[in-house]
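Asker: Once you've had a glance at the structure underneath, I'll fire off some questions.
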Amino acid sequence: MTFKDRLLMCRDCNRGFMFSAGEQEFYSAKKLANEPRRCADCRVLINARKKGSNIVVTELKCAECGMPTRVPFEPKGHRPVYCTPCFRGKKAGKVLERAAV
């Protein structure tokens, strides 16, 4: 079965988010029938709320693309903060850099 990237709408914030082919393959391998209903930012917010009120959820702009994002911590300001897609891209880039060395 071939998977293609799909744009879905978040049920909480009504923003579009990408349901990538890799994520669809993961859902299929795990036999998950339902596709995600919330974007990664809203899932972070919900998980933080479930863990308790002492967790701070901060809304800010991604240091890479400038899109608004939510993180389950309060940034100290000495390191950049990325949205989920940019963070994954940076993380994947580091893995590729290590493999090339």
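Residues in the structure tokens are named by chain (A, B, ... in the order shown) and by number from 1 within that chain; ligands are numbered from 1 in the order shown.
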Hey, what's within 9 Å of range 39-49 of chain A if we count only C-alpha atoms and toss same-chain stuff fewer than 3 positions away? As a VMD selection string, please?

Answerer: chain A and resid 8 to 13 15 to 18 36 52 to 57 69 to 72 83 to 85

Asker: Could you take the residues named above and write them with C-alpha atoms, as an mmCIF file, in the first residue's frame?

Answerer:
data_model
loop_
_atom_site.group_PDB
_atom_site.id
_atom_site.type_symbol
_atom_site.label_atom_id
_atom_site.label_comp_id
_atom_site.auth_asym_id
_atom_site.auth_seq_id
_atom_site.Cartn_x
_atom_site.Cartn_y
_atom_site.Cartn_z
ATOM 1 C CA LEU A 8 -5.794 17.365 7.942
ATOM 2 C CA MET A 9 -7.595 19.975 10.054
ATOM 3 C CA CYS A 10 -7.077 20.084 13.821
ATOM 4 C CA ARG A 11 -10.340 19.770 15.732
ATOM 5 C CA ASP A 12 -9.140 22.137 18.496
ATOM 6 C CA CYS A 13 -7.348 25.025 16.757
ATOM 7 C CA ARG A 15 -5.289 24.834 11.670
ATOM 8 C CA GLY A 16 -4.147 22.464 8.977
ATOM 9 C CA PHE A 17 -1.425 19.939 9.774
ATOM 10 C CA MET A 18 0.405 17.381 7.689
ATOM 11 C CA PRO A 36 -5.122 11.915 14.170
ATOM 12 C CA GLY A 52 -1.293 18.209 36.084
ATOM 13 C CA SER A 53 -1.579 21.906 36.587
ATOM 14 C CA ASN A 54 2.078 22.465 37.525
ATOM 15 C CA ILE A 55 3.174 22.021 33.907
ATOM 16 C CA VAL A 56 3.535 25.293 32.017
ATOM 17 C CA VAL A 57 2.483 25.339 28.366
ATOM 18 C CA THR A 69 3.753 26.585 18.373
ATOM 19 C CA ARG A 70 3.115 25.318 21.912
ATOM 20 C CA VAL A 71 5.702 23.694 24.130
ATOM 21 C CA PRO A 72 5.239 22.003 27.548
ATOM 22 C CA CYS A 83 7.775 23.681 16.115
ATOM 23 C CA THR A 84 7.358 19.911 15.772
ATOM 24 C CA PRO A 85 8.055 19.684 11.993
#

Asker: Going by DSSP on the backbone, which bits of chain A are alpha helix (DSSP H)? Write them as an mmCIF file with N, CA and C atoms, in the first residue's frame, please.

Answerer:
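Output file part04.cif is given in full below:
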data_model
loop_
_atom_site.group_PDB
_atom_site.id
_atom_site.type_symbol
_atom_site.label_atom_id
_atom_site.label_comp_id
_atom_site.auth_asym_id
_atom_site.auth_seq_id
_atom_site.Cartn_x
_atom_site.Cartn_y
_atom_site.Cartn_z
ATOM 1 N N ALA A 21 3.295 10.600 5.004
ATOM 2 C CA ALA A 21 3.259 9.215 4.543
ATOM 3 C C ALA A 21 3.903 8.296 5.583
ATOM 4 N N GLY A 22 4.982 8.770 6.216
ATOM 5 C CA GLY A 22 5.645 7.973 7.252
ATOM 6 C C GLY A 22 4.748 7.743 8.457
ATOM 7 N N GLU A 23 4.012 8.782 8.853
ATOM 8 C CA GLU A 23 3.074 8.640 9.974
ATOM 9 C C GLU A 23 1.949 7.682 9.604
ATOM 10 N N GLN A 24 1.465 7.771 8.375
ATOM 11 C CA GLN A 24 0.407 6.867 7.929
ATOM 12 C C GLN A 24 0.897 5.422 7.922
ATOM 13 N N GLU A 25 2.133 5.231 7.510
ATOM 14 C CA GLU A 25 2.718 3.888 7.520
ATOM 15 C C GLU A 25 2.825 3.363 8.953
ATOM 16 N N PHE A 26 3.233 4.229 9.885
ATOM 17 C CA PHE A 26 3.316 3.856 11.295
ATOM 18 C C PHE A 26 1.936 3.465 11.820
ATOM 19 N N TYR A 27 0.914 4.269 11.525
ATOM 20 C CA TYR A 27 -0.446 3.978 11.972
ATOM 21 C C TYR A 27 -0.904 2.633 11.417
ATOM 22 N N SER A 28 -0.591 2.367 10.154
ATOM 23 C CA SER A 28 -0.978 1.108 9.523
ATOM 24 C C SER A 28 -0.262 -0.074 10.176
ATOM 25 N N ALA A 29 1.041 0.078 10.449
ATOM 26 C CA ALA A 29 1.814 -1.003 11.064
ATOM 27 C C ALA A 29 1.305 -1.323 12.463
ATOM 28 N N ALA A 40 0.093 18.461 16.325
ATOM 29 C CA ALA A 40 1.085 18.140 17.349
ATOM 30 C C ALA A 40 1.063 19.155 18.490
ATOM 31 N N ASP A 41 0.856 20.432 18.162
ATOM 32 C CA ASP A 41 0.820 21.459 19.208
ATOM 33 C C ASP A 41 -0.335 21.231 20.175
ATOM 34 N N CYS A 42 -1.517 20.913 19.656
ATOM 35 C CA CYS A 42 -2.673 20.690 20.525
ATOM 36 C C CYS A 42 -2.519 19.402 21.326
ATOM 37 N N ARG A 43 -1.842 18.394 20.754
ATOM 38 C CA ARG A 43 -1.588 17.163 21.511
ATOM 39 C C ARG A 43 -0.659 17.453 22.680
ATOM 40 N N VAL A 44 0.335 18.314 22.481
ATOM 41 C CA VAL A 44 1.232 18.709 23.576
ATOM 42 C C VAL A 44 0.431 19.370 24.683
ATOM 43 N N LEU A 45 -0.464 20.267 24.313
ATOM 44 C CA LEU A 45 -1.281 20.975 25.289
ATOM 45 C C LEU A 45 -2.160 20.016 26.082
ATOM 46 N N ILE A 46 -2.790 19.080 25.418
ATOM 47 C CA ILE A 46 -3.670 18.114 26.087
ATOM 48 C C ILE A 46 -2.865 17.219 27.024
ATOM 49 N N ASN A 47 -1.712 16.745 26.567
ATOM 50 C CA ASN A 47 -0.876 15.892 27.427
ATOM 51 C C ASN A 47 -0.393 16.649 28.655
ATOM 52 N N ALA A 48 -0.070 17.921 28.489
ATOM 53 C CA ALA A 48 0.365 18.726 29.636
ATOM 54 C C ALA A 48 -0.775 18.884 30.635
ATOM 55 N N ARG A 49 -1.975 19.106 30.146
ATOM 56 C CA ARG A 49 -3.129 19.243 31.039
ATOM 57 C C ARG A 49 -3.405 17.953 31.792
ATOM 58 N N LYS A 50 -3.217 16.810 31.120
ATOM 59 C CA LYS A 50 -3.462 15.517 31.770
ATOM 60 C C LYS A 50 -2.465 15.256 32.899
ATOM 61 N N LYS A 51 -1.232 15.743 32.731
ATOM 62 C CA LYS A 51 -0.185 15.486 33.722
ATOM 63 C C LYS A 51 -0.313 16.341 34.963
ATOM 64 N N THR A 84 7.129 21.347 15.931
ATOM 65 C CA THR A 84 7.358 19.911 15.772
ATOM 66 C C THR A 84 7.975 19.558 14.418
ATOM 67 N N PRO A 85 7.436 20.049 13.280
ATOM 68 C CA PRO A 85 8.055 19.684 11.993
ATOM 69 C C PRO A 85 9.503 20.160 11.867
ATOM 70 N N CYS A 86 9.805 21.373 12.309
ATOM 71 C CA CYS A 86 11.181 21.881 12.232
ATOM 72 C C CYS A 86 12.099 21.099 13.169
ATOM 73 N N PHE A 87 11.604 20.772 14.368
ATOM 74 C CA PHE A 87 12.406 20.005 15.320
ATOM 75 C C PHE A 87 12.740 18.634 14.742
ATOM 76 N N ARG A 88 11.740 17.982 14.152
ATOM 77 C CA ARG A 88 11.990 16.669 13.538
ATOM 78 C C ARG A 88 12.974 16.778 12.391
ATOM 79 N N GLY A 89 12.857 17.851 11.597
ATOM 80 C CA GLY A 89 13.781 18.059 10.485
ATOM 81 C C GLY A 89 15.204 18.265 10.971
ATOM 82 N N LYS A 90 15.372 19.057 12.019
ATOM 83 C CA LYS A 90 16.702 19.285 12.590
ATOM 84 C C LYS A 90 17.262 17.993 13.179
ATOM 85 N N LYS A 91 16.406 17.245 13.873
ATOM 86 C CA LYS A 91 16.836 15.988 14.485
ATOM 87 C C LYS A 91 17.253 14.995 13.403
ATOM 88 N N ALA A 92 16.481 14.902 12.333
ATOM 89 C CA ALA A 92 16.813 13.998 11.228
ATOM 90 C C ALA A 92 18.106 14.435 10.553
ATOM 91 N N GLY A 93 18.327 15.744 10.435
ATOM 92 C CA GLY A 93 19.557 16.263 9.851
ATOM 93 C C GLY A 93 20.771 15.882 10.662
ATOM 94 N N LYS A 94 20.648 15.914 11.987
ATOM 95 C CA LYS A 94 21.767 15.543 12.861
ATOM 96 C C LYS A 94 22.076 14.058 12.722
ATOM 97 N N VAL A 95 21.033 13.238 12.575
ATOM 98 C CA VAL A 95 21.239 11.810 12.414
ATOM 99 C C VAL A 95 21.974 11.556 11.099
ATOM 100 N N LEU A 96 21.584 12.263 10.032
ATOM 101 C CA LEU A 96 22.244 12.101 8.749
ATOM 102 C C LEU A 96 23.692 12.576 8.815
ATOM 103 N N GLU A 97 23.958 13.681 9.545
ATOM 104 C CA GLU A 97 25.321 14.181 9.696
ATOM 105 C C GLU A 97 26.204 13.158 10.401
ATOM 106 N N ARG A 98 25.666 12.540 11.451
ATOM 107 C CA ARG A 98 26.446 11.534 12.190
ATOM 108 C C ARG A 98 26.744 10.332 11.319
ATOM 109 N N ALA A 99 25.772 9.937 10.485
ATOM 110 C CA ALA A 99 25.969 8.774 9.617
ATOM 111 C C ALA A 99 27.038 9.047 8.563
ATOM 112 N N ALA A 100 27.172 10.307 8.138
ATOM 113 C CA ALA A 100 28.157 10.656 7.127
ATOM 114 C C ALA A 100 29.581 10.689 7.678
#

Asker: Pick out the residues sitting within 8 Å of Pro75 in chain A, and hand them over as a PyMOL selection string; count only C-alpha atoms, and ignore anything fewer than 4 positions along from it in its own chain.

Answerer: chain A and resi 58+79+81

Asker: Per DSSP on the backbone, filter chain A down to the residues in strand (DSSP E or B) and report them as a PyMOL selection string.

Answerer: chain A and resi 6-9+16-19+58-61+68-71

Asker: Counting only C-alpha atoms, which of A:Lys61, A:Arg38, A:Arg6, A:Lys76 gets nearest to Ser20 in chain A?

Answerer: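 Among the listed residues, A:Arg6 lies closest to Ser20 in chain A.
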
Asker: Which one is closest to Cys62 in chain A: A:Glu74, A:Asn14, A:Pro80, A:Arg37? Count only C-alpha atoms.

Answerer: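 Closest candidate: A:Pro80.
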